[in-house]
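Printed here is my_file.csv (CSV, C-alpha atoms):
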chain,number,residue,atom,x,y,z
A,834,MET,CA,17.3,-25.3,38.0
A,835,PHE,CA,17.3,-27.6,35.0
A,836,ALA,CA,13.9,-26.4,34.0
A,837,LEU,CA,15.1,-22.8,34.1
A,838,THR,CA,18.0,-23.7,31.9
A,839,LEU,CA,15.8,-25.4,29.3
A,840,LEU,CA,13.4,-22.4,29.4
A,841,GLY,CA,16.3,-20.0,28.9
A,842,ARG,CA,17.6,-22.0,25.9
A,843,TRP,CA,14.1,-22.1,24.4
A,844,CYS,CA,13.7,-18.3,24.8
A,845,ALA,CA,17.1,-17.7,23.3
A,846,LEU,CA,16.2,-19.9,20.3
A,847,ARG,CA,12.9,-18.1,19.8
A,848,LEU,CA,14.6,-14.7,20.0
A,849,LYS,CA,17.2,-15.8,17.5
A,850,GLY,CA,14.4,-16.9,15.2
A,851,VAL,CA,12.6,-13.6,15.6
A,852,GLU,CA,15.8,-11.7,14.9
A,853,HIS,CA,16.4,-13.7,11.7
A,854,TRP,CA,12.8,-13.2,10.6
A,855,LEU,CA,13.1,-9.5,11.0
A,856,MET,CA,16.8,-8.8,10.2
A,857,GLU,CA,17.6,-11.4,7.5
A,858,PRO,CA,19.4,-9.6,4.6
A,859,VAL,CA,17.3,-9.4,1.5
A,860,ASP,CA,17.7,-8.0,-2.0
A,861,SER,CA,17.4,-4.2,-1.7
A,862,ARG,CA,15.5,-4.1,-5.0
A,863,ALA,CA,12.4,-5.1,-2.9
A,864,TYR,CA,12.6,-1.8,-1.1
A,865,ALA,CA,13.2,0.0,-4.3
A,866,SER,CA,10.1,-1.5,-5.9
A,867,VAL,CA,8.0,-0.6,-2.9
A,868,ARG,CA,9.4,2.9,-3.0
A,869,ILE,CA,8.6,3.5,-6.6
A,870,ALA,CA,5.2,2.0,-6.4
A,871,PHE,CA,4.3,4.1,-3.4
A,872,ALA,CA,5.6,7.3,-5.1
A,873,LEU,CA,3.3,6.5,-8.1
A,874,SER,CA,0.3,5.9,-5.8
A,875,ALA,CA,1.1,9.1,-3.9
A,876,LEU,CA,1.4,11.0,-7.1
A,877,SER,CA,-2.1,9.8,-8.2
A,878,ILE,CA,-3.6,11.0,-4.9
A,879,TRP,CA,-1.8,14.3,-5.3
A,880,LEU,CA,-3.3,14.7,-8.8
A,881,ASP,CA,-6.7,13.9,-7.4
A,882,LEU,CA,-6.4,16.5,-4.6
A,883,TRP,CA,-4.6,19.3,-6.5
A,884,PRO,CA,-7.8,20.8,-8.1
A,885,LEU,CA,-9.6,20.7,-4.7
A,886,ARG,CA,-6.7,21.9,-2.5
A,887,LEU,CA,-8.2,25.4,-1.8
A,888,GLU,CA,-11.7,24.1,-1.2
A,889,LEU,CA,-10.5,21.5,1.3
A,890,PHE,CA,-7.5,23.0,3.0
A,891,SER,CA,-7.6,26.8,2.8
A,892,ASN,CA,-9.3,29.3,5.0
A,893,ALA,CA,-11.6,30.2,2.1
A,894,GLY,CA,-12.6,26.6,1.5
A,895,ASN,CA,-15.6,24.4,2.5
A,896,PHE,CA,-14.3,23.8,6.0
A,897,GLY,CA,-13.4,27.3,6.8
A,898,PRO,CA,-10.5,28.2,9.2
A,899,PRO,CA,-8.9,25.1,10.8
A,900,ILE,CA,-10.0,24.2,14.2
A,901,PRO,CA,-7.2,24.8,16.8
A,902,GLN,CA,-5.6,21.4,17.7
A,903,GLU,CA,-3.0,20.2,20.1
A,904,VAL,CA,0.6,21.1,19.0
A,905,THR,CA,1.3,17.3,18.9
A,906,ARG,CA,-1.1,16.8,16.0
A,907,LEU,CA,0.8,16.7,12.7
A,908,ASN,CA,-1.2,19.2,10.6
A,909,LEU,CA,0.6,21.6,8.4
A,910,PHE,CA,-2.6,23.2,7.3
A,911,GLN,CA,-3.2,24.4,10.9
A,912,TRP,CA,-0.5,27.0,10.4
A,913,VAL,CA,-0.4,27.2,6.6
A,914,SER,CA,-4.0,27.7,5.6
A,915,GLY,CA,-3.9,30.7,3.2
A,916,THR,CA,-4.5,30.0,-0.5
A,917,THR,CA,-0.8,30.7,-1.4
A,918,GLY,CA,0.5,28.7,1.6
A,919,VAL,CA,-1.7,25.7,0.7
A,920,SER,CA,-0.5,25.8,-2.9
A,921,LEU,CA,3.2,26.0,-1.8
A,922,VAL,CA,2.7,23.0,0.5
A,923,PHE,CA,1.3,21.0,-2.4
A,924,ALA,CA,4.1,22.1,-4.6
A,925,GLY,CA,6.6,21.0,-2.0
A,926,VAL,CA,4.9,17.6,-1.7
A,927,LEU,CA,5.1,17.1,-5.5
A,928,VAL,CA,8.8,17.7,-5.4
A,929,ALA,CA,9.1,15.2,-2.5
A,930,ILE,CA,7.1,12.6,-4.3
A,931,VAL,CA,9.2,12.9,-7.4
A,932,CYS,CA,12.5,12.8,-5.4
A,933,LEU,CA,11.2,9.7,-3.6
A,934,GLY,CA,10.4,7.9,-6.8
A,935,LEU,CA,13.8,8.8,-8.3
A,936,GLY,CA,15.7,8.0,-5.1
A,937,PHE,CA,16.9,11.4,-4.0
A,938,GLY,CA,16.9,12.0,-0.3
A,939,GLN,CA,14.6,9.0,0.2
A,940,ARG,CA,14.0,9.2,3.9
A,941,ILE,CA,13.5,12.9,4.1
A,942,SER,CA,11.2,12.8,1.1
A,943,ALA,CA,9.2,9.9,2.5
A,944,LEU,CA,8.9,11.8,5.9
A,945,PHE,CA,7.6,14.9,4.1
A,946,VAL,CA,5.0,12.9,2.2
A,947,TYR,CA,4.0,11.2,5.4
A,948,LEU,CA,3.6,14.7,7.0
A,949,TRP,CA,1.4,15.7,4.1
A,950,PHE,CA,-0.8,12.6,4.5
A,951,THR,CA,-1.3,13.2,8.2
A,952,SER,CA,-1.9,16.9,7.6
A,953,TYR,CA,-4.6,16.7,5.0
A,954,SER,CA,-6.2,13.7,6.9
A,955,ALA,CA,-6.5,16.0,10.0
A,956,ALA,CA,-7.6,19.1,8.1
A,957,ALA,CA,-10.4,17.5,6.0
A,958,ALA,CA,-11.4,14.3,7.7
A,959,LEU,CA,-14.9,14.4,6.2
A,960,ALA,CA,-13.6,14.3,2.7
A,961,LEU,CA,-11.4,11.2,3.2
A,962,GLY,CA,-11.8,7.8,1.6
A,963,GLY,CA,-10.3,4.4,2.8
A,964,PHE,CA,-7.2,4.9,0.6
A,965,ASP,CA,-6.0,7.8,2.7
A,966,THR,CA,-5.5,5.6,5.8
A,967,VAL,CA,-3.7,3.0,3.7
A,968,ALA,CA,-1.4,5.6,2.1
A,969,ARG,CA,-0.7,7.3,5.4
A,970,LEU,CA,0.4,4.0,7.0
A,971,THR,CA,2.5,3.0,4.0
A,972,SER,CA,4.2,6.3,3.9
A,973,PHE,CA,5.3,6.0,7.5
A,974,LEU,CA,6.6,2.4,6.9
A,975,VAL,CA,8.5,3.6,3.8
A,976,ALA,CA,10.1,6.4,5.8
A,977,VAL,CA,11.4,4.0,8.5
A,978,SER,CA,12.5,1.2,6.1
A,979,PRO,CA,16.1,0.8,5.0
A,980,VAL,CA,17.2,3.1,2.1
A,981,SER,CA,17.9,1.3,-1.2
A,982,SER,CA,20.4,2.4,-3.7
A,983,ALA,CA,18.7,0.3,-6.4
A,984,TRP,CA,16.8,1.8,-9.3
A,985,THR,CA,17.7,5.4,-8.6
A,986,LEU,CA,18.3,8.2,-11.0
A,987,PRO,CA,21.2,8.9,-11.6
A,988,ARG,CA,22.2,5.3,-11.2
A,989,LYS,CA,24.2,4.6,-8.1
A,990,ALA,CA,26.0,1.4,-7.0
A,991,GLU,CA,24.5,-2.0,-7.7
A,992,ALA,CA,21.8,-3.1,-5.4
A,993,GLY,CA,23.1,-4.7,-2.2
A,994,ARG,CA,21.4,-6.3,0.8
A,995,ALA,CA,19.2,-4.7,3.5
A,996,PRO,CA,17.5,-6.1,6.6
A,997,ARG,CA,14.0,-7.4,6.0
A,998,TYR,CA,12.2,-5.6,8.9
A,999,GLY,CA,10.6,-2.9,6.7
A,1000,LEU,CA,9.2,-5.5,4.3
A,1001,ARG,CA,7.8,-7.5,7.3
A,1002,LEU,CA,6.0,-4.4,8.6
A,1003,LEU,CA,4.5,-3.8,5.2
A,1004,GLN,CA,3.5,-7.4,5.0
A,1005,TRP,CA,1.8,-7.3,8.4
A,1006,GLN,CA,0.0,-4.1,7.4
A,1007,LEU,CA,-1.5,-5.7,4.4
A,1008,ALA,CA,-2.6,-8.7,6.4
A,1009,LEU,CA,-4.2,-6.6,9.1
A,1010,ILE,CA,-6.0,-4.4,6.5
A,1011,TYR,CA,-7.6,-7.4,4.9
A,1012,TRP,CA,-8.5,-9.3,8.1
A,1013,ILE,CA,-9.9,-6.3,9.9
A,1014,THR,CA,-11.9,-5.5,6.8
A,1015,VAL,CA,-13.4,-9.0,6.8
A,1016,TRP,CA,-14.1,-8.7,10.5
A,1017,LEU,CA,-16.0,-5.4,10.0
A,1018,LYS,CA,-17.9,-6.7,7.0
A,1019,ALA,CA,-18.9,-10.0,8.5
A,1020,PRO,CA,-21.7,-8.7,10.7
A,1021,ASP,CA,-23.2,-6.5,7.9
A,1022,HIS,CA,-26.6,-7.7,6.6
A,1023,PHE,CA,-25.8,-7.2,3.0
A,1024,TRP,CA,-22.5,-9.0,3.1
A,1025,ARG,CA,-24.1,-11.9,5.0
A,1026,GLN,CA,-27.0,-12.1,2.5
A,1027,GLY,CA,-24.6,-11.9,-0.5
A,1028,GLU,CA,-26.2,-8.7,-1.9
A,1029,VAL,CA,-23.3,-6.3,-1.9
A,1030,VAL,CA,-22.2,-6.6,-5.5
A,1031,SER,CA,-25.8,-5.8,-6.8
A,1032,HIS,CA,-26.1,-2.8,-4.5
A,1033,PHE,CA,-22.6,-1.6,-5.5
A,1034,GLY,CA,-23.4,-1.8,-9.2
A,1035,VAL,CA,-26.2,0.7,-9.0
A,1036,SER,CA,-24.6,3.0,-6.4
A,1037,MET,CA,-22.8,6.3,-6.8
A,1038,PHE,CA,-19.5,4.4,-6.3
A,1039,ALA,CA,-19.9,2.4,-9.5
A,1040,ARG,CA,-18.1,3.8,-12.5
A,1041,ASN,CA,-21.2,3.2,-14.7
A,1042,PRO,CA,-24.2,2.5,-12.6
A,1043,ASN,CA,-26.5,0.0,-14.3
A,1044,PRO,CA,-29.9,-1.4,-13.3
A,1045,ALA,CA,-28.8,-4.8,-14.7
A,1046,PHE,CA,-26.7,-5.3,-11.5
A,1047,ALA,CA,-29.9,-5.5,-9.5
A,1048,ASP,CA,-30.7,-8.8,-11.1
A,1049,LEU,CA,-27.5,-10.8,-10.9
A,1050,GLY,CA,-29.2,-13.9,-9.5
A,1051,VAL,CA,-26.8,-16.5,-8.1
A,1052,TRP,CA,-23.8,-14.4,-9.2
A,1053,ASP,CA,-24.5,-11.8,-6.5
A,1054,PRO,CA,-23.8,-14.1,-3.5
A,1055,LEU,CA,-21.0,-15.9,-5.3
A,1056,LEU,CA,-19.2,-12.6,-6.1
A,1057,THR,CA,-20.0,-11.1,-2.7
A,1058,TRP,CA,-18.8,-14.1,-0.6
A,1059,GLY,CA,-16.0,-14.7,-3.1
A,1060,THR,CA,-14.6,-11.2,-2.3
A,1061,LEU,CA,-14.6,-12.0,1.5
A,1062,LEU,CA,-12.9,-15.3,0.8
A,1063,ILE,CA,-10.2,-13.7,-1.3
A,1064,GLU,CA,-9.6,-11.0,1.3
A,1065,THR,CA,-9.3,-13.7,4.0
A,1066,LEU,CA,-7.0,-16.0,2.0
A,1067,VAL,CA,-4.7,-13.5,0.2
A,1068,PRO,CA,-2.4,-12.7,3.2
A,1069,VAL,CA,-2.1,-16.4,4.0
A,1070,LEU,CA,-1.2,-17.3,0.4
A,1071,LEU,CA,1.3,-14.4,0.2
A,1072,TRP,CA,3.2,-15.6,3.3
A,1073,LYS,CA,4.0,-19.0,1.7
A,1074,ARG,CA,6.6,-19.2,-1.1
A,1075,SER,CA,4.7,-22.0,-2.8
A,1076,THR,CA,1.5,-20.0,-3.0
A,1077,ARG,CA,2.8,-16.5,-3.2
A,1078,TRP,CA,2.1,-16.0,-6.9
A,1079,VAL,CA,-1.4,-17.3,-6.5
A,1080,GLY,CA,-2.0,-14.7,-3.8
A,1081,LEU,CA,-0.5,-12.0,-5.9
A,1082,CYS,CA,-2.7,-12.9,-8.9
A,1083,LEU,CA,-5.8,-13.0,-6.8
A,1084,GLY,CA,-5.1,-9.7,-5.2
A,1085,LEU,CA,-4.3,-8.0,-8.5
A,1086,VAL,CA,-7.5,-9.4,-10.0
A,1087,LEU,CA,-9.5,-8.2,-7.0
A,1088,HIS,CA,-8.2,-4.7,-7.0
A,1089,GLY,CA,-8.1,-4.5,-10.8
A,1090,THR,CA,-11.8,-5.3,-10.9
A,1091,ILE,CA,-12.5,-2.8,-8.2
A,1092,ALA,CA,-10.6,-0.1,-10.1
A,1093,VAL,CA,-12.3,-0.8,-13.4
A,1094,LEU,CA,-15.9,-1.2,-12.2
A,1095,GLY,CA,-15.8,1.3,-9.4
A,1096,LYS,CA,-14.5,4.8,-8.7
A,1097,LEU,CA,-12.0,3.4,-6.3
A,1098,GLU,CA,-8.8,3.2,-8.4
A,1099,LEU,CA,-6.9,5.3,-5.8
A,1100,PHE,CA,-7.6,2.5,-3.2
A,1101,SER,CA,-6.3,-0.1,-5.6
A,1102,LEU,CA,-3.1,1.9,-6.3
A,1103,SER,CA,-2.6,2.5,-2.5
A,1104,MET,CA,-2.6,-1.3,-1.9
A,1105,LEU,CA,-0.1,-2.1,-4.6
A,1106,PRO,CA,3.2,-1.2,-2.7
A,1107,MET,CA,2.4,-3.7,0.1
A,1108,TYR,CA,2.1,-6.5,-2.4
A,1109,LEU,CA,5.6,-5.8,-3.7
A,1110,ALA,CA,6.9,-6.2,-0.2
A,1111,PHE,CA,6.4,-10.0,-0.7
A,1112,LEU,CA,8.8,-10.3,-3.6
A,1113,GLU,CA,11.9,-12.4,-3.0
A,1114,ASP,CA,15.4,-12.5,-4.4
A,1115,SER,CA,14.4,-15.3,-6.8
A,1116,ASP,CA,11.7,-13.1,-8.3
A,1117,PHE,CA,14.1,-10.3,-9.1
A,1118,GLU,CA,16.6,-12.7,-10.6
A,1119,ARG,CA,13.8,-14.1,-12.8
A,1120,PHE,CA,12.8,-10.6,-13.8
A,1121,ALA,CA,16.5,-9.8,-14.7
A,1122,ARG,CA,16.8,-12.9,-16.8
A,1123,LEU,CA,13.5,-11.9,-18.6
A,1124,VAL,CA,14.8,-8.4,-19.3
A,1125,ASN,CA,18.1,-9.7,-20.6
A,1126,LEU,CA,16.3,-12.2,-22.8
A,1127,LEU,CA,14.1,-9.4,-24.3
A,1128,ARG,CA,17.2,-7.2,-24.8
A,1129,ASN,CA,19.1,-10.0,-26.6
A,1130,SER,CA,16.1,-10.9,-28.8
A,1131,GLY,CA,15.7,-7.2,-29.7
A,1132,SER,CA,19.4,-6.8,-30.6
A,1133,ASP,CA,19.3,-10.0,-32.7
A,1134,SER,CA,16.3,-8.7,-34.7
A,1135,GLN,CA,18.2,-5.5,-35.7
A,1136,PRO,CA,18.9,-5.4,-39.5
A,1137,VAL,CA,22.6,-5.8,-40.4

Could you show the structure in this file as structure tokens?
Amino acid sequence: MFALTLLGRWCALRLKGVEHWLMEPVDSRAYASVRIAFALSALSIWLDLWPLRLELFSNAGNFGPPIPQEVTRLNLFQWVSGTTGVSLVFAGVLVAIVCLGLGFGQRISALFVYLWFTSYSAAAALALGGFDTVARLTSFLVAVSPVSSAWTLPRKAEAGRAPRYGLRLLQWQLALIYWITVWLKAPDHFWRQGEVVSHFGVSMFARNPNPAFADLGVWDPLLTWGTLLIETLVPVLLWKRSTRWVGLCLGLVLHGTIAVLGKLELFSLSMLPMYLAFLEDSDFERFARLVNLLRNSGSDSQPV
């Protein structure tokens, strides 16, 4: 009986810890920053797909009439596949993305953007890249996260507090993306031999393929294995307050390099919102002080 009592107390403490970990009130500006960053990344994907919308999603496109699917599949283009219908869907998505970024009808806008991501992923699976999956998952988490009144247009009430669970889900998503990526890369011969960077530099994915990448020497394994090391360590560094900014800088350098050297800028942009989910109250206070300092210095420099 005594053992059962101790076990019950231990379980109650653990459950209370989990509840605090998920539901602790945090600065709602964290959700606003994720929302705005996601809207910008979704807009970039929309701009990339807009010129190809008819070729990819209409009856007259490369894939022809959509294959009949189960009713449970979320695919707008199964029912709206004419050229006019496809254009109208894209126009509606653009409105939803803009509304999401500005803070109008945030949850409905995010749900519609999520429906768009699932629809075009189902309609043109052969034309997808890795960023589509990342954006689709992020759009769902943004839709189910608490709504923030911060950084909306027109400006509403001052930012308050919101439960942390949405940020935790985004944080876990980032960690799983990196660790699963490393798990899948580890058995690959080119990653094991440290030859990926040289092959990437002369491939169709490089922004400016150059034969010089084929002779990187010792830099090839260092950069290849360094990429795996960064992808493994970034989630761990981000979880700890003392190393969070180191993780942020490493991740931004990694994705910035990928975006500059490769034609993968949409992937880098799709990863950015999840990084912002790690920002804490102290970070926003620091940013606010910096903005006030810049404002004051600007007003002091005005001629009398």

Selection near A:Glu857, 9 Å with only C-alpha atoms, sequence-local residues under 5 positions removed, as a ChimeraX atom specification: /A:852,995-998

Could you write out that same residue set with C-alpha atoms as an mmCIF file, in the coordinates of the input?
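The resulting file, again.cif, is reproduced below:
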data_model
loop_
_atom_site.group_PDB
_atom_site.id
_atom_site.type_symbol
_atom_site.label_atom_id
_atom_site.label_comp_id
_atom_site.auth_asym_id
_atom_site.auth_seq_id
_atom_site.Cartn_x
_atom_site.Cartn_y
_atom_site.Cartn_z
ATOM 1 C CA GLU A 852 15.800 -11.700 14.900
ATOM 2 C CA ALA A 995 19.200 -4.700 3.500
ATOM 3 C CA PRO A 996 17.500 -6.100 6.600
ATOM 4 C CA ARG A 997 14.000 -7.400 6.000
ATOM 5 C CA TYR A 998 12.200 -5.600 8.900
#

Nearest candidate to A:Leu1081 (options A:Val919, A:Leu1055, A:Leu1066, A:Ser914; using only C-alpha atoms): A:Leu1066

One-decimal distance in Å that lies between atom CA of A:Leu1083 and atom CA of A:Arg862: 23.2 Å

Neighbour list for A:Val980 as a ChimeraX atom specification, cut-off 10 Å, only C-alpha atoms, skip fewer than 3 positions in-chain: /A:861,864-865,868,936,938-940,975-977,983,995

Do you know which residues are at most 9 Å from stretch 878-882 of chain A counting only C-alpha atoms, after dropping those on the same chain fewer than 2 positions away, and could you put them as a PDB file with C-alpha atoms, in the frame of the given file?
ATOM      1  CA  LEU A 873       3.300   6.500  -8.100  1.00  0.00           C
ATOM      2  CA  SER A 874       0.300   5.900  -5.800  1.00  0.00           C
ATOM      3  CA  ALA A 875       1.100   9.100  -3.900  1.00  0.00           C
ATOM      4  CA  LEU A 876       1.400  11.000  -7.100  1.00  0.00           C
ATOM      5  CA  PRO A 884      -7.800  20.800  -8.100  1.00  0.00           C
ATOM      6  CA  LEU A 885      -9.600  20.700  -4.700  1.00  0.00           C
ATOM      7  CA  ARG A 886      -6.700  21.900  -2.500  1.00  0.00           C
ATOM      8  CA  LEU A 889     -10.500  21.500   1.300  1.00  0.00           C
ATOM      9  CA  PHE A 923       1.300  21.000  -2.400  1.00  0.00           C
ATOM     10  CA  VAL A 926       4.900  17.600  -1.700  1.00  0.00           C
ATOM     11  CA  LEU A 927       5.100  17.100  -5.500  1.00  0.00           C
ATOM     12  CA  PHE A 964      -7.200   4.900   0.600  1.00  0.00           C
ATOM     13  CA  ASP A 965      -6.000   7.800   2.700  1.00  0.00           C
ATOM     14  CA  LEU A1099      -6.900   5.300  -5.800  1.00  0.00           C
ATOM     15  CA  SER A1103      -2.600   2.500  -2.500  1.00  0.00           C
TER      16      SER A1103
END

Nearest-residue call for A:Gly993, choices A:Gly963, A:Pro1044, A:Pro1020, A:Pro858, using all atoms listed in the file: A:Pro858

Each residue of stretch 892-982 of chain A lying at most 9 Å from stretch 1002-1014 of chain A should get a row with its shortest atom-to-atom pair and the distance in Å to one decimal, counting all atoms listed in the file; could you produce that, ordered by chain and increasing number, as a Markdown table?
| residue | atom | partner | partner_atom | distance |
| --- | --- | --- | --- | --- |
| A:Val967 | CA | A:Ile1010 | CA | 8.2 |
| A:Leu970 | CA | A:Gln1006 | CA | 8.1 |
| A:Thr971 | CA | A:Leu1003 | CA | 7.2 |
| A:Leu974 | CA | A:Leu1003 | CA | 6.8 |
| A:Val975 | CA | A:Leu1003 | CA | 8.5 |
| A:Ser978 | CA | A:Leu1002 | CA | 8.9 |

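Atom to atom, atom CA of A:Val859 and atom CA of A:Pro1068 stand 20.0 Å apart.
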
Neighbour list for A:Asp1048 as an MDAnalysis selection string, cut-off 12 Å, all atoms listed in the file, skip fewer than 6 positions in-chain: chainID A and resid 1028 1030:1032 1034:1035 1054

Atom pair atom CA of A:Lys1096 / atom CA of A:Ala1039: separation (Å):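 Going from atom CA of A:Lys1096 over to atom CA of A:Ala1039 covers 6.0 Å.
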
Just add all heavy atoms to stretch 1116-1125 of chain A and send it as a CSV table (one decimal), in the frame of the given file.
chain,number,residue,atom,x,y,z
A,1116,ASP,N,12.6,-13.8,-7.3
A,1116,ASP,CA,11.7,-13.1,-8.3
A,1116,ASP,C,12.5,-12.0,-9.1
A,1116,ASP,O,12.3,-11.9,-10.3
A,1116,ASP,CB,10.6,-12.4,-7.5
A,1116,ASP,CG,9.7,-13.4,-6.7
A,1116,ASP,OD1,9.4,-14.4,-7.3
A,1116,ASP,OD2,9.4,-13.1,-5.6
A,1117,PHE,N,13.4,-11.3,-8.4
A,1117,PHE,CA,14.1,-10.3,-9.1
A,1117,PHE,C,15.1,-10.9,-10.1
A,1117,PHE,O,15.4,-10.3,-11.1
A,1117,PHE,CB,14.8,-9.4,-8.1
A,1117,PHE,CG,13.9,-8.5,-7.3
A,1117,PHE,CD1,13.6,-8.8,-6.0
A,1117,PHE,CD2,13.2,-7.4,-7.9
A,1117,PHE,CE1,12.7,-8.1,-5.2
A,1117,PHE,CE2,12.4,-6.7,-7.1
A,1117,PHE,CZ,12.1,-7.0,-5.8
A,1118,GLU,N,15.7,-12.1,-9.7
A,1118,GLU,CA,16.6,-12.7,-10.6
A,1118,GLU,C,15.8,-13.2,-11.9
A,1118,GLU,O,16.3,-13.1,-13.0
A,1118,GLU,CB,17.3,-13.9,-9.9
A,1118,GLU,CG,18.2,-13.6,-8.8
A,1118,GLU,CD,19.3,-12.6,-9.2
A,1118,GLU,OE1,19.8,-12.8,-10.4
A,1118,GLU,OE2,19.6,-11.7,-8.5
A,1119,ARG,N,14.6,-13.7,-11.6
A,1119,ARG,CA,13.8,-14.1,-12.8
A,1119,ARG,C,13.4,-12.9,-13.7
A,1119,ARG,O,13.5,-13.0,-14.9
A,1119,ARG,CB,12.5,-14.7,-12.2
A,1119,ARG,CG,11.7,-15.5,-13.3
A,1119,ARG,CD,10.5,-16.2,-12.7
A,1119,ARG,NE,10.9,-17.2,-11.7
A,1119,ARG,CZ,10.6,-17.1,-10.4
A,1119,ARG,NH1,10.0,-16.0,-9.9
A,1119,ARG,NH2,11.0,-18.1,-9.6
A,1120,PHE,N,13.1,-11.8,-13.1
A,1120,PHE,CA,12.8,-10.6,-13.8
A,1120,PHE,C,14.1,-10.1,-14.6
A,1120,PHE,O,14.0,-9.7,-15.8
A,1120,PHE,CB,12.4,-9.4,-12.9
A,1120,PHE,CG,11.0,-9.7,-12.3
A,1120,PHE,CD1,10.8,-9.1,-11.0
A,1120,PHE,CD2,10.1,-10.5,-12.9
A,1120,PHE,CE1,9.5,-9.3,-10.4
A,1120,PHE,CE2,8.9,-10.7,-12.3
A,1120,PHE,CZ,8.6,-10.1,-11.0
A,1121,ALA,N,15.2,-10.2,-14.0
A,1121,ALA,CA,16.5,-9.8,-14.7
A,1121,ALA,C,16.8,-10.7,-15.9
A,1121,ALA,O,17.2,-10.2,-16.9
A,1121,ALA,CB,17.6,-9.8,-13.7
A,1122,ARG,N,16.6,-12.0,-15.7
A,1122,ARG,CA,16.8,-12.9,-16.8
A,1122,ARG,C,15.8,-12.6,-18.0
A,1122,ARG,O,16.1,-12.6,-19.2
A,1122,ARG,CB,16.6,-14.3,-16.4
A,1122,ARG,CG,17.8,-14.8,-15.5
A,1122,ARG,CD,17.8,-16.3,-15.4
A,1122,ARG,NE,16.6,-16.8,-14.7
A,1122,ARG,CZ,16.5,-17.0,-13.4
A,1122,ARG,NH1,17.5,-16.8,-12.6
A,1122,ARG,NH2,15.3,-17.5,-12.9
A,1123,LEU,N,14.5,-12.3,-17.6
A,1123,LEU,CA,13.5,-11.9,-18.6
A,1123,LEU,C,13.9,-10.7,-19.4
A,1123,LEU,O,13.8,-10.6,-20.6
A,1123,LEU,CB,12.2,-11.8,-18.0
A,1123,LEU,CG,11.0,-11.4,-18.9
A,1123,LEU,CD1,10.8,-12.5,-20.0
A,1123,LEU,CD2,9.7,-11.2,-18.1
A,1124,VAL,N,14.4,-9.7,-18.7
A,1124,VAL,CA,14.8,-8.4,-19.3
A,1124,VAL,C,16.0,-8.6,-20.2
A,1124,VAL,O,16.0,-8.1,-21.4
A,1124,VAL,CB,15.2,-7.3,-18.2
A,1124,VAL,CG1,15.8,-6.1,-18.9
A,1124,VAL,CG2,13.9,-6.9,-17.5
A,1125,ASN,N,17.0,-9.4,-19.8
A,1125,ASN,CA,18.1,-9.7,-20.6
A,1125,ASN,C,17.7,-10.5,-21.9
A,1125,ASN,O,18.3,-10.3,-23.0
A,1125,ASN,CB,19.2,-10.5,-19.8
A,1125,ASN,CG,19.8,-9.7,-18.7
A,1125,ASN,OD1,20.0,-8.5,-18.9
A,1125,ASN,ND2,20.3,-10.3,-17.7
